[in-house]
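Next up, target19.cif (mmCIF, C-alpha atoms and all ligand atoms):
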data_final
#
loop_
_atom_site.label_atom_id
_atom_site.label_comp_id
_atom_site.auth_asym_id
_atom_site.auth_seq_id
_atom_site.Cartn_x
_atom_site.Cartn_y
_atom_site.Cartn_z
CA MET A 1 0.00 0.00 0.00
CA VAL A 2 1.36 3.44 -0.92
CA LYS A 3 -0.09 5.79 1.67
CA LEU A 4 -1.13 9.32 0.84
CA LEU A 5 0.48 10.48 4.08
CA ASP A 6 2.24 8.14 6.50
CA LEU A 7 2.20 10.28 9.64
CA GLN A 8 3.62 7.52 11.79
CA ALA A 9 6.69 7.11 9.58
CA ILE A 10 7.07 10.88 9.29
CA THR A 11 6.93 11.28 13.07
CA MET A 12 9.36 8.45 13.77
CA GLN A 13 12.02 10.10 11.56
CA HIS A 14 12.86 12.29 14.56
CA GLY A 15 10.89 10.47 17.27
CA ASP A 16 13.62 10.67 19.92
CA GLU A 17 13.98 14.43 19.54
CA TYR A 18 10.21 14.93 19.94
CA LYS A 19 10.15 12.71 23.01
CA ALA A 20 13.01 14.68 24.55
CA ALA A 21 11.22 17.98 23.79
CA VAL A 22 7.93 16.81 25.32
CA ASN A 23 9.76 15.35 28.32
CA ARG A 24 11.44 18.69 28.91
CA VAL A 25 8.00 20.34 29.09
CA ILE A 26 6.61 17.63 31.39
CA GLU A 27 9.52 18.04 33.73
CA SER A 28 9.18 21.83 33.71
CA GLY A 29 5.57 21.63 34.89
CA TRP A 30 4.73 24.69 32.74
CA PHE A 31 2.15 23.98 30.01
CA LEU A 32 0.87 27.28 28.59
CA GLN A 33 2.34 30.69 27.73
CA GLY A 34 5.89 29.72 28.60
CA ASN A 35 9.38 29.61 27.17
CA GLU A 36 8.57 26.97 24.53
CA ASN A 37 5.98 29.29 22.96
CA LYS A 38 8.38 32.24 23.13
CA LYS A 39 11.16 30.24 21.49
CA PHE A 40 9.00 28.84 18.72
CA GLU A 41 7.44 32.24 18.02
CA ALA A 42 10.87 33.84 17.68
CA ASN A 43 12.20 31.06 15.45
CA TYR A 44 9.12 30.93 13.23
CA ALA A 45 9.01 34.73 12.78
CA LYS A 46 12.68 34.60 11.77
CA TYR A 47 12.04 31.71 9.37
CA ILE A 48 9.08 33.47 7.71
CA GLY A 49 10.72 36.88 7.74
CA THR A 50 8.28 38.94 9.83
CA ASP A 51 8.79 40.97 12.99
CA ASP A 52 6.18 39.04 14.94
CA CYS A 53 4.64 35.61 15.32
CA ILE A 54 1.73 34.93 17.65
CA ALA A 55 1.19 31.26 18.44
CA VAL A 56 -2.51 30.34 18.67
CA ALA A 57 -4.66 27.22 19.01
CA ASN A 58 -5.32 26.41 15.32
CA GLY A 59 -5.39 27.82 11.80
CA LEU A 60 -9.05 28.82 11.85
CA ASP A 61 -8.45 30.97 14.94
CA ALA A 62 -5.38 32.52 13.29
CA LEU A 63 -7.51 33.55 10.29
CA TYR A 64 -10.35 34.79 12.53
CA LEU A 65 -8.01 36.77 14.80
CA ILE A 66 -6.36 38.66 11.94
CA MET A 67 -9.68 40.12 10.79
CA ARG A 68 -10.95 40.58 14.38
CA GLY A 69 -7.72 42.47 15.04
CA TYR A 70 -8.32 44.80 12.09
CA ILE A 71 -11.89 45.34 13.29
CA GLU A 72 -10.69 46.24 16.81
CA LEU A 73 -8.17 48.66 15.27
CA GLY A 74 -10.96 50.30 13.21
CA ILE A 75 -9.28 49.40 9.91
CA ILE A 76 -12.09 47.05 8.87
CA LYS A 77 -15.68 47.21 10.08
CA GLU A 78 -18.43 44.60 10.22
CA GLY A 79 -20.27 44.41 6.89
CA ASP A 80 -17.14 45.18 4.87
CA GLU A 81 -16.13 42.91 2.00
CA ILE A 82 -13.15 40.58 1.82
CA ILE A 83 -12.11 39.07 -1.50
CA VAL A 84 -11.32 35.36 -1.24
CA PRO A 85 -10.86 32.49 -3.72
CA ALA A 86 -14.02 30.49 -4.42
CA ASN A 87 -11.96 27.28 -4.23
CA THR A 88 -10.57 27.02 -0.74
CA TYR A 89 -10.93 24.89 2.35
CA LEU A 90 -14.02 26.15 4.16
CA ALA A 91 -12.08 27.52 7.16
CA THR A 92 -10.88 30.54 5.17
CA ILE A 93 -14.44 31.60 4.49
CA LEU A 94 -15.73 30.70 7.96
CA ALA A 95 -13.21 33.12 9.46
CA ILE A 96 -14.66 35.91 7.32
CA THR A 97 -18.34 35.25 8.04
CA LYS A 98 -17.65 34.63 11.78
CA ASN A 99 -16.37 38.23 11.86
CA ASN A 100 -19.62 39.45 10.24
CA LEU A 101 -17.66 40.37 7.13
CA VAL A 102 -18.84 39.56 3.61
CA PRO A 103 -16.78 37.11 1.54
CA VAL A 104 -16.63 38.02 -2.15
CA LEU A 105 -15.78 34.79 -3.93
CA VAL A 106 -13.43 35.14 -6.91
CA GLU A 107 -12.75 32.30 -9.31
CA PRO A 108 -9.32 30.67 -9.50
CA ALA A 109 -7.36 30.26 -12.74
CA PHE A 110 -7.30 26.61 -13.78
CA GLU A 111 -3.60 26.87 -14.74
CA THR A 112 -2.49 28.04 -11.30
CA LEU A 113 -5.36 26.62 -9.17
CA GLU A 114 -5.06 29.86 -7.15
CA ILE A 115 -7.24 32.99 -7.12
CA ASP A 116 -7.30 34.57 -10.59
CA ILE A 117 -5.46 37.82 -9.93
CA ASP A 118 -6.80 39.27 -13.22
CA LYS A 119 -10.34 39.02 -11.80
CA ILE A 120 -9.65 40.74 -8.50
CA GLU A 121 -9.98 44.37 -9.59
CA GLU A 122 -13.45 43.86 -11.06
CA ALA A 123 -14.62 42.44 -7.70
CA ILE A 124 -13.54 45.54 -5.73
CA THR A 125 -16.33 47.83 -4.44
CA THR A 126 -16.37 50.73 -2.00
CA LYS A 127 -16.86 48.18 0.78
CA THR A 128 -13.83 46.07 -0.07
CA LYS A 129 -11.25 46.28 2.71
CA GLY A 130 -9.08 43.27 2.15
CA VAL A 131 -7.98 40.37 0.00
CA MET A 132 -7.42 36.98 1.60
CA ILE A 133 -5.30 34.80 -0.65
CA VAL A 134 -4.88 31.08 0.01
CA HIS A 135 -1.66 29.36 -1.03
CA LEU A 136 -3.61 26.19 -1.73
CA TYR A 137 -1.83 22.84 -2.25
CA GLY A 138 1.47 24.47 -1.17
CA ARG A 139 1.53 26.68 -4.30
CA VAL A 140 2.06 30.44 -4.31
CA ALA A 141 -1.12 32.51 -4.78
CA TYR A 142 0.74 35.84 -5.04
CA ASN A 143 2.33 37.85 -7.79
CA ASP A 144 3.60 41.42 -8.08
CA LYS A 145 0.38 42.55 -9.76
CA LEU A 146 -1.64 41.54 -6.69
CA GLY A 147 0.68 43.55 -4.45
CA GLU A 148 0.15 46.60 -6.70
CA ILE A 149 -3.67 46.18 -6.74
CA CYS A 150 -3.79 46.05 -2.94
CA LYS A 151 -1.61 49.17 -2.63
CA LYS A 152 -3.60 51.08 -5.27
CA HIS A 153 -6.96 50.34 -3.59
CA ASN A 154 -5.62 50.53 -0.02
CA LEU A 155 -6.61 46.95 0.77
CA LYS A 156 -5.17 44.74 3.48
CA LEU A 157 -3.48 41.73 1.92
CA MET A 158 -3.95 38.68 4.13
CA GLU A 159 -2.56 35.21 3.47
CA ASP A 160 -3.90 31.80 4.41
CA CYS A 161 -0.66 29.81 4.70
CA ALA A 162 -2.24 26.67 6.16
CA GLN A 163 -0.82 24.62 3.29
CA SER A 164 2.30 26.59 2.38
CA HIS A 165 4.99 26.39 5.09
CA GLY A 166 8.27 27.30 3.41
CA CYS A 167 6.77 28.32 0.06
CA GLU A 168 8.43 31.30 -1.62
CA TRP A 169 7.75 33.97 -4.22
CA LYS A 170 11.01 35.46 -5.57
CA GLY A 171 12.75 34.32 -2.41
CA VAL A 172 10.19 35.84 0.01
CA LYS A 173 8.28 33.35 2.14
CA THR A 174 4.51 33.10 2.03
CA GLY A 175 3.48 34.57 5.36
CA ALA A 176 5.66 37.63 4.72
CA LEU A 177 4.22 38.65 1.33
CA GLY A 178 1.16 40.50 2.67
CA ASP A 179 0.19 42.44 5.80
CA ALA A 180 -0.71 39.46 7.98
CA ALA A 181 -0.83 35.70 7.54
CA ALA A 182 -2.47 32.72 9.19
CA HIS A 183 -0.69 29.38 9.56
CA SER A 184 -2.11 26.01 10.57
CA PHE A 185 -0.02 23.31 12.19
CA TYR A 186 -2.69 20.62 11.86
CA PRO A 187 -0.81 17.27 12.12
CA GLY A 188 -0.91 16.51 8.37
CA LYS A 189 0.60 19.84 7.27
CA ASN A 190 4.20 20.22 6.06
CA LEU A 191 4.86 21.64 9.54
CA GLY A 192 2.45 19.73 11.74
CA ALA A 193 2.01 19.58 15.52
CA PHE A 194 0.77 16.64 17.60
CA GLY A 195 -2.69 18.15 17.77
CA ASP A 196 -4.27 21.44 16.71
CA ALA A 197 -2.02 24.49 16.60
CA GLY A 198 -1.66 27.65 14.52
CA ALA A 199 0.04 31.05 14.30
CA VAL A 200 -0.24 34.55 12.90
CA THR A 201 2.79 36.21 11.33
CA THR A 202 2.88 39.95 10.71
CA SER A 203 5.20 42.93 10.86
CA GLU A 204 2.40 45.30 11.92
CA LYS A 205 3.19 45.89 15.59
CA GLU A 206 -0.24 47.23 16.53
CA LEU A 207 -2.01 44.29 14.92
CA ALA A 208 0.32 41.82 16.63
CA ASN A 209 -0.40 43.38 20.03
CA VAL A 210 -4.19 43.28 19.52
CA ILE A 211 -4.09 39.67 18.30
CA ARG A 212 -1.96 38.60 21.26
CA ALA A 213 -4.56 40.09 23.60
CA LEU A 214 -7.57 38.80 21.63
CA ALA A 215 -6.19 35.25 21.75
CA ASN A 216 -5.91 35.54 25.52
CA TYR A 217 -9.57 36.44 26.30
CA GLY A 218 -8.90 40.02 25.19
CA SER A 219 -6.51 40.60 28.06
CA GLU A 220 -3.20 42.46 27.98
CA LYS A 221 -2.83 42.45 31.76
CA LYS A 222 -3.95 39.63 34.06
CA TYR A 223 -7.64 39.95 35.01
CA GLU A 224 -8.09 43.12 32.94
CA PHE A 225 -10.01 42.63 29.67
CA LYS A 226 -9.67 45.26 26.99
CA TYR A 227 -11.42 43.33 24.16
CA GLU A 228 -14.07 40.65 23.92
CA GLY A 229 -11.53 37.96 23.12
CA ILE A 230 -11.32 34.20 22.82
CA ASN A 231 -9.13 31.52 24.37
CA SER A 232 -6.75 30.49 21.61
CA ARG A 233 -3.32 29.49 22.87
CA MET A 234 -0.75 26.94 21.71
CA SER A 235 0.22 24.32 24.29
CA GLU A 236 3.84 24.21 25.42
CA PRO A 237 4.35 20.58 24.27
CA ASP A 238 3.15 21.56 20.78
CA ALA A 239 5.44 24.58 20.66
CA ALA A 240 8.38 22.38 21.74
CA VAL A 241 7.60 19.77 19.06
CA LEU A 242 7.10 22.41 16.33
CA ASP A 243 10.44 23.98 17.17
CA VAL A 244 12.14 20.64 16.53
CA LYS A 245 10.18 20.10 13.30
CA LEU A 246 10.98 23.58 12.01
CA LYS A 247 14.68 22.61 11.83
CA TYR A 248 13.82 19.91 9.29
CA LEU A 249 11.19 21.78 7.28
CA ASP A 250 13.44 22.86 4.38
CA GLU A 251 14.96 19.40 4.10
CA ASP A 252 11.48 17.80 4.10
CA ASN A 253 10.20 20.29 1.52
CA ALA A 254 13.21 19.56 -0.71
CA LYS A 255 12.25 15.86 -0.66
CA ARG A 256 8.70 16.76 -1.65
CA GLN A 257 10.11 18.89 -4.49
CA MET A 258 12.21 15.99 -5.74
CA LEU A 259 9.19 13.70 -5.73
CA ALA A 260 7.18 16.38 -7.57
CA ALA A 261 9.94 16.67 -10.20
CA TYR A 262 9.84 12.89 -10.66
CA TYR A 263 6.05 13.00 -11.09
CA TYR A 264 6.30 15.84 -13.63
CA GLU A 265 8.88 13.97 -15.62
CA ASN A 266 7.27 10.56 -15.62
CA ILE A 267 3.49 10.83 -15.45
CA LYS A 268 2.56 10.56 -19.10
CA ASN A 269 -1.07 9.69 -19.57
CA PRO A 270 -3.19 11.76 -21.98
CA LEU A 271 -6.19 11.34 -19.64
CA ILE A 272 -4.36 13.01 -16.76
CA SER A 273 -3.17 16.61 -16.53
CA LEU A 274 -0.75 18.05 -13.98
CA PRO A 275 -0.80 21.56 -12.50
CA SER A 276 1.40 24.04 -14.33
CA ARG A 277 4.75 25.15 -12.99
CA ILE A 278 4.99 28.94 -12.62
CA PRO A 279 8.27 30.89 -12.86
CA ASN A 280 9.45 32.58 -9.62
CA GLU A 281 7.44 30.21 -7.46
CA ASN A 282 9.15 27.86 -5.06
CA ASN A 283 6.29 25.53 -4.21
CA VAL A 284 6.34 23.10 -1.30
CA TYR A 285 3.80 20.56 -2.58
CA HIS A 286 1.71 20.16 0.54
CA LEU A 287 -0.48 18.14 -1.84
CA PHE A 288 0.11 16.97 -5.38
CA PRO A 289 -3.16 17.49 -7.25
CA ILE A 290 -3.70 15.82 -10.62
CA PHE A 291 -6.72 16.30 -12.87
CA CYS A 292 -8.81 13.81 -14.81
CA GLU A 293 -12.26 13.96 -16.38
CA HIS A 294 -12.77 10.40 -15.14
CA ARG A 295 -11.54 11.22 -11.66
CA ASP A 296 -13.76 8.79 -9.73
CA GLU A 297 -12.79 5.83 -11.96
CA LEU A 298 -9.14 6.84 -11.65
CA GLN A 299 -9.42 6.95 -7.87
CA GLU A 300 -11.00 3.47 -7.87
CA PHE A 301 -8.27 2.14 -10.17
CA LEU A 302 -5.54 3.52 -7.91
CA LYS A 303 -7.24 2.06 -4.84
CA ASP A 304 -7.46 -1.37 -6.51
CA ASN A 305 -3.73 -1.10 -7.14
CA GLY A 306 -2.87 -0.23 -3.54
CA ILE A 307 -2.50 3.55 -3.87
CA GLN A 308 -4.21 5.89 -1.44
CA THR A 309 -5.59 9.16 -2.76
CA MET A 310 -7.91 11.93 -1.56
CA ILE A 311 -10.03 14.61 -3.19
CA HIS A 312 -9.27 18.20 -2.14
CA TYR A 313 -12.11 19.00 -1.99
CA PRO A 314 -15.23 17.14 -3.09
CA ILE A 315 -17.72 20.01 -2.45
CA PRO A 316 -16.83 23.68 -3.08
CA PRO A 317 -17.72 26.25 -0.38
CA HIS A 318 -20.62 27.75 -2.37
CA LYS A 319 -22.31 24.33 -2.52
CA GLN A 320 -22.09 23.68 1.23
CA GLU A 321 -25.21 23.48 3.36
CA CYS A 322 -23.91 26.06 5.85
CA TYR A 323 -23.93 28.67 3.05
CA LYS A 324 -27.35 27.78 1.61
CA ASP A 325 -27.88 31.21 0.05
CA TRP A 326 -24.94 30.62 -2.29
CA ASN A 327 -25.96 27.12 -3.45
CA THR A 328 -27.51 28.34 -6.73
CA ARG A 329 -24.46 30.41 -7.72
CA ILE A 330 -22.22 29.12 -10.49
CA TYR A 331 -18.43 29.22 -10.38
CA PRO A 332 -17.43 27.07 -13.40
CA ILE A 333 -13.67 26.90 -12.81
CA THR A 334 -14.04 26.16 -9.13
CA GLU A 335 -16.57 23.44 -9.98
CA LYS A 336 -14.27 21.97 -12.62
CA ILE A 337 -11.41 21.76 -10.11
CA HIS A 338 -13.66 20.13 -7.55
CA ALA A 339 -14.98 17.65 -10.12
CA GLN A 340 -11.56 16.64 -11.52
CA GLU A 341 -9.04 16.97 -8.69
CA LEU A 342 -7.30 13.98 -7.12
CA SER A 343 -4.38 14.22 -4.67
CA ILE A 344 -1.79 11.48 -5.11
CA PRO A 345 0.77 10.36 -2.49
CA MET A 346 3.12 13.23 -1.64
CA ASN A 347 5.37 13.49 1.39
CA GLN A 348 8.99 13.23 2.52
CA VAL A 349 9.01 9.51 3.33
CA ILE A 350 7.89 8.12 -0.03
CA ASP A 351 10.81 6.14 -1.46
CA ASP A 352 11.83 5.67 -5.10
CA LYS A 353 10.11 2.28 -5.32
CA GLU A 354 6.80 3.69 -4.13
CA ALA A 355 7.08 6.70 -6.42
CA LYS A 356 7.62 4.37 -9.39
CA ILE A 357 4.56 2.30 -8.44
CA VAL A 358 2.41 5.47 -8.37
CA VAL A 359 3.70 6.57 -11.79
CA ASP A 360 3.34 3.11 -13.39
CA VAL A 361 -0.25 2.72 -12.16
CA LEU A 362 -1.19 6.23 -13.30
CA ASN A 363 0.30 5.59 -16.73
CA ALA A 364 -1.57 2.29 -17.00
CA PHE A 365 -5.00 3.93 -16.45
CA LYS A 366 -7.15 3.75 -19.60
C1 LIG B 401 -6.44 26.35 3.42
C2 LIG B 401 -6.74 26.09 4.87
N1 LIG B 401 -7.14 27.11 5.64
C3 LIG B 401 -7.40 26.93 6.95
C4 LIG B 401 -7.28 25.70 7.56
C5 LIG B 401 -7.66 25.56 8.98
O1 LIG B 401 -6.61 25.19 9.82
P1 LIG B 401 -6.91 24.39 11.16
O2 LIG B 401 -7.31 23.01 10.81
O3 LIG B 401 -5.61 24.42 11.90
O4 LIG B 401 -7.97 25.13 11.89
C6 LIG B 401 -6.88 24.61 6.78
C7 LIG B 401 -6.71 23.26 7.26
O5 LIG B 401 -6.80 22.63 8.10
C8 LIG B 401 -6.60 24.80 5.40
O6 LIG B 401 -6.21 23.79 4.62
#
What's the structure tokens form of this structure?
Amino acid sequence: MVKLLDLQAITMQHGDEYKAAVNRVIESGWFLQGNENKKFEANYAKYIGTDDCIAVANGLDALYLIMRGYIELGIIKEGDEIIVPANTYLATILAITKNNLVPVLVEPAFETLEIDIDKIEEAITTKTKGVMIVHLYGRVAYNDKLGEICKKHNLKLMEDCAQSHGCEWKGVKTGALGDAAAHSFYPGKNLGAFGDAGAVTTSEKELANVIRALANYGSEKKYEFKYEGINSRMSEPDAAVLDVKLKYLDEDNAKRQMLAAYYYENIKNPLISLPSRIPNENNVYHLFPIFCEHRDELQEFLKDNGIQTMIHYPIPPHKQECYKDWNTRIYPITEKIHAQELSIPMNQVIDDKEAKIVVDVLNAFK
């Protein structure tokens, strides 16, 4: 069986170091808001290239807190519009609606799978206050034109980096391309914790301060509450584990990139198309999506041949029950991606033999 993601094997690569890190926390008797969080925050901010990193409980909270922070600062107000790709994991959009903001869904480009930057300007209204890009599949969703549009229209550029740890555009890391970015350390991510965890990176000092308070019940000083906040903190064992994993992130991403290069070179089946490779992007292949008009048959064929796959994602946000009012809308490119996408095994522990099996089975599909 070639697993899509073998978390046990991935974890055991550095199992002893994780055990030592968790043991250190156990022996310290200090489980929240301690030195492990401080250390990871400093190291992650340095890695991403921002002045600040605020460790929080998960990626959804990180997204929510960025916009809540801008609302508290008076930069965005409830009812304002945020441009977001129509093809994303639901959490990106939940964070917008949970803040009583209005998501304006913009189609992706099929070639990039990311928000179609050429369609952003036509979606801007007087109520637009921000653009939330999502570096989906570990691919860059930014280009210089987007930066110029945001500057010209005075929009906050926010990044959902849940799938893009280590990704770069012209040498700048995702998470440092815009004004503020949300990161998820869900266990299956390129940088994954042993439970839920997340972070915000930003170089806006005021925003960082508000988010730090908001994530701690709205408190800057013990038992004094300035904002109506939430409880969203990263545990010390998770921070300790993530700090170990961060050391290996570039090495792990390089292995993913080598596997991706092998796939690009060797998958040769006219029924299957691969995502395009864009100049200036250094993608980290959180997932490796392939496209096929007979996706469900292909998935069955791969399963019968011992290859695990997953669909990211079977139902687009506008077709979800929780957003009933949008169910009749039509986003053709988003729907095409959702109908044809299949994620094939991609991670740092897949060996050459397994990679060859995946390629041979894909090429044998008729
Ligand atoms: C694109 C995207 N945004 C946000 C999230 C939410 O992160 P979390 O699961 O840590 O809340 C995820 C995934 O989990 C994601 O893939």
Could I get the residue neighbourhood of ligand LIG 401 (chain B) at 9 Å, counting all atoms listed in the file, as a PDB file with C-alpha atoms, keeping the file's coordinate frame?
ATOM      1  CA  ALA A  57      -4.660  27.220  19.010  1.00  0.00           C
ATOM      2  CA  ASN A  58      -5.320  26.410  15.320  1.00  0.00           C
ATOM      3  CA  GLY A  59      -5.390  27.820  11.800  1.00  0.00           C
ATOM      4  CA  LEU A  60      -9.050  28.820  11.850  1.00  0.00           C
ATOM      5  CA  ASP A  61      -8.450  30.970  14.940  1.00  0.00           C
ATOM      6  CA  ALA A  62      -5.380  32.520  13.290  1.00  0.00           C
ATOM      7  CA  LEU A  63      -7.510  33.550  10.290  1.00  0.00           C
ATOM      8  CA  THR A  88     -10.570  27.020  -0.740  1.00  0.00           C
ATOM      9  CA  TYR A  89     -10.930  24.890   2.350  1.00  0.00           C
ATOM     10  CA  LEU A  90     -14.020  26.150   4.160  1.00  0.00           C
ATOM     11  CA  ALA A  91     -12.080  27.520   7.160  1.00  0.00           C
ATOM     12  CA  THR A  92     -10.880  30.540   5.170  1.00  0.00           C
ATOM     13  CA  ILE A  93     -14.440  31.600   4.490  1.00  0.00           C
ATOM     14  CA  ALA A  95     -13.210  33.120   9.460  1.00  0.00           C
ATOM     15  CA  VAL A 134      -4.880  31.080   0.010  1.00  0.00           C
ATOM     16  CA  HIS A 135      -1.660  29.360  -1.030  1.00  0.00           C
ATOM     17  CA  LEU A 136      -3.610  26.190  -1.730  1.00  0.00           C
ATOM     18  CA  TYR A 137      -1.830  22.840  -2.250  1.00  0.00           C
ATOM     19  CA  ASP A 160      -3.900  31.800   4.410  1.00  0.00           C
ATOM     20  CA  CYS A 161      -0.660  29.810   4.700  1.00  0.00           C
ATOM     21  CA  ALA A 162      -2.240  26.670   6.160  1.00  0.00           C
ATOM     22  CA  GLN A 163      -0.820  24.620   3.290  1.00  0.00           C
ATOM     23  CA  SER A 164       2.300  26.590   2.380  1.00  0.00           C
ATOM     24  CA  ALA A 182      -2.470  32.720   9.190  1.00  0.00           C
ATOM     25  CA  HIS A 183      -0.690  29.380   9.560  1.00  0.00           C
ATOM     26  CA  SER A 184      -2.110  26.010  10.570  1.00  0.00           C
ATOM     27  CA  PHE A 185      -0.020  23.310  12.190  1.00  0.00           C
ATOM     28  CA  TYR A 186      -2.690  20.620  11.860  1.00  0.00           C
ATOM     29  CA  PRO A 187      -0.810  17.270  12.120  1.00  0.00           C
ATOM     30  CA  GLY A 188      -0.910  16.510   8.370  1.00  0.00           C
ATOM     31  CA  LYS A 189       0.600  19.840   7.270  1.00  0.00           C
ATOM     32  CA  ASP A 196      -4.270  21.440  16.710  1.00  0.00           C
ATOM     33  CA  ALA A 197      -2.020  24.490  16.600  1.00  0.00           C
ATOM     34  CA  GLY A 198      -1.660  27.650  14.520  1.00  0.00           C
TER      35      GLY A 198
END
Using only C-alpha atoms, what does the table of region 86-158 of chain A residues within 12 Å of region 278-302 of chain A look like, with each row giving the shortest atom pair and its distance in Å to one decimal, sorted by chain and ascending number, as CSV?
residue,atom,partner,partner_atom,distance
A:Phe110,CA,A:Phe291,CA,10.4
A:Glu111,CA,A:Ile278,CA,9.1
A:Thr112,CA,A:Ile278,CA,7.6
A:Leu113,CA,A:Pro289,CA,9.6
A:Glu114,CA,A:Ile278,CA,11.5
A:His135,CA,A:Asn283,CA,9.4
A:Leu136,CA,A:His286,CA,8.4
A:Tyr137,CA,A:Leu287,CA,4.9
A:Gly138,CA,A:His286,CA,4.6
A:Arg139,CA,A:Asn283,CA,4.9
A:Val140,CA,A:Glu281,CA,6.2
A:Ala141,CA,A:Glu281,CA,9.3
A:Tyr142,CA,A:Glu281,CA,9.1
A:Asn143,CA,A:Asn280,CA,9.0
A:Asp144,CA,A:Asn280,CA,10.7
For this session: To one decimal in Å, tell me the separation between CA of Lys152 (chain A) and CA of Lys46 (chain A).
Result: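 Calculated distance between CA of Lys152 (chain A) and CA of Lys46 (chain A) is 28.8 Å.
With all atoms listed in the file taken into account, the protein and nucleic acid residues at most 12 Å from Glu206 (chain A) (excluding it and anything under 4 positions from it in its own chain) are Asp51, Asp52, Ile66, Gly69, Tyr70, Glu72, Leu73, Gly74, Ile75, Asp179, Ala180, Thr202, Val210, Ile211, Arg212 and Ala213 of chain A.
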May I have the residues from that selection written out with C-alpha atoms, as an mmCIF file, in the frame of the given file?
data_model
loop_
_atom_site.group_PDB
_atom_site.id
_atom_site.type_symbol
_atom_site.label_atom_id
_atom_site.label_comp_id
_atom_site.auth_asym_id
_atom_site.auth_seq_id
_atom_site.Cartn_x
_atom_site.Cartn_y
_atom_site.Cartn_z
ATOM 1 C CA ASP A 51 8.790 40.970 12.990
ATOM 2 C CA ASP A 52 6.180 39.040 14.940
ATOM 3 C CA ILE A 66 -6.360 38.660 11.940
ATOM 4 C CA GLY A 69 -7.720 42.470 15.040
ATOM 5 C CA TYR A 70 -8.320 44.800 12.090
ATOM 6 C CA GLU A 72 -10.690 46.240 16.810
ATOM 7 C CA LEU A 73 -8.170 48.660 15.270
ATOM 8 C CA GLY A 74 -10.960 50.300 13.210
ATOM 9 C CA ILE A 75 -9.280 49.400 9.910
ATOM 10 C CA ASP A 179 0.190 42.440 5.800
ATOM 11 C CA ALA A 180 -0.710 39.460 7.980
ATOM 12 C CA THR A 202 2.880 39.950 10.710
ATOM 13 C CA VAL A 210 -4.190 43.280 19.520
ATOM 14 C CA ILE A 211 -4.090 39.670 18.300
ATOM 15 C CA ARG A 212 -1.960 38.600 21.260
ATOM 16 C CA ALA A 213 -4.560 40.090 23.600
#
Per residue of region 185-283 of chain A within 12 Å of region 4-12 of chain A, record the nearest atom pair and its distance in Å to one decimal, counting only C-alpha atoms, with rows in chain order and ascending residue number, as a tab-separated table.
residue	atom	partner	partner_atom	distance
A:Tyr186	CA	A:Leu7	CA	11.7
A:Pro187	CA	A:Leu7	CA	8.0
A:Gly188	CA	A:Leu7	CA	7.1
A:Lys189	CA	A:Leu5	CA	9.9
A:Asn190	CA	A:Ile10	CA	10.3
A:Leu191	CA	A:Ile10	CA	11.0
A:Gly192	CA	A:Thr11	CA	9.7
A:Ala193	CA	A:Thr11	CA	10.0
A:Phe194	CA	A:Thr11	CA	9.3
A:Val241	CA	A:Thr11	CA	10.4
A:Leu242	CA	A:Thr11	CA	11.6
A:Val244	CA	A:Thr11	CA	11.3
A:Lys245	CA	A:Thr11	CA	9.4
A:Tyr248	CA	A:Ile10	CA	11.3
A:Leu249	CA	A:Ile10	CA	11.8
A:Asp252	CA	A:Ile10	CA	9.7
A:Arg256	CA	A:Leu5	CA	11.8
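Shortest atom-to-atom contact with Ala240 (chain A) among A:His153, A:Lys39, A:Lys3, A:His14: A:Lys39, counting all atoms listed in the file.
Coordinates place CA of Asp304 (chain A) at a distance of 14.6 Å from CA of Asn363 (chain A).
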note - CA of Met1 (chain A) and CA of Ser276 (chain A) are separated by 28.0 Å
**Q.** Within 7 Å of Asn99 (chain A) using only C-alpha atoms, minus same-chain residues under 2 positions, as a list in words
**A.**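 The residues that qualify are Tyr64, Arg68, Glu78, Ala95, Ile96, Thr97 and Leu101 of chain A.
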- Counting only C-alpha atoms, the option among A:Lys255, A:Asp238, A:Lys319, A:Gly130 closest to Glu36 (chain A):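 Selected residue with least distance to Glu36 (chain A): A:Asp238.
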* Asked: Any idea what's packed within 6 Å of region 220-234 of chain A, counting all atoms listed in the file, ignoring anything in its chain fewer than 2 positions away? Could you give it as a ChimeraX atom specification?
  -> /A:55-57,197,213-218
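Among the candidates A:Pro270, A:Asn209, A:Val349, A:Lys170, the residue lying nearest to Glu251 (chain A) is A:Val349 (atoms considered: all atoms listed in the file).
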Open item on the list: Give me the residues near Ala355 (chain A) as a list in words, where near means some atom within 10 Å (using all atoms listed in the file) and where sequence neighbours in that chain fewer than 6 positions away do not count.
Closed with: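 Final neighbour list, sorted by chain and number: Val2, Leu259, Ala260, Tyr262, Tyr263, Asn266, Pro345 and Met346 of chain A.
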### Task
Go through A:Asp360, A:Asp80, A:Glu341, A:Tyr323 and flag the residue nearest Asn305 (chain A), using only C-alpha atoms for the distances.
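Between A:Asp360, A:Asp80, A:Glu341, A:Tyr323, the residue approaching Asn305 (chain A) most closely is A:Asp360.
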Set up a box along x, y and z of the file covering all listed atoms of region 279-291 of chain A, add 3 Å on every one of the six sides, and write the centre and edge lengths in Å to one decimal, as JSON.
{"center_x": 1.4, "center_y": 24.2, "center_z": -6.2, "size_x": 22.2, "size_y": 22.8, "size_z": 19.4}
| message | Let me make sure I understand: among A:Ala123, A:Cys53, A:Met310, A:Ile48, which one has the smallest atom-to-atom distance to Glu204 (chain A) if we use all atoms listed in the file? | response |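 Closest candidate: A:Cys53.
Excluding Phe40 (chain A) itself and same-chain residues fewer than 2 positions from it, the residues having an atom within 8 Å of it are Glu36, Asn37, Lys38, Ala42, Asn43, Tyr44, Ala239, Ala240, Leu242 and Asp243 of chain A, counting all atoms listed in the file.
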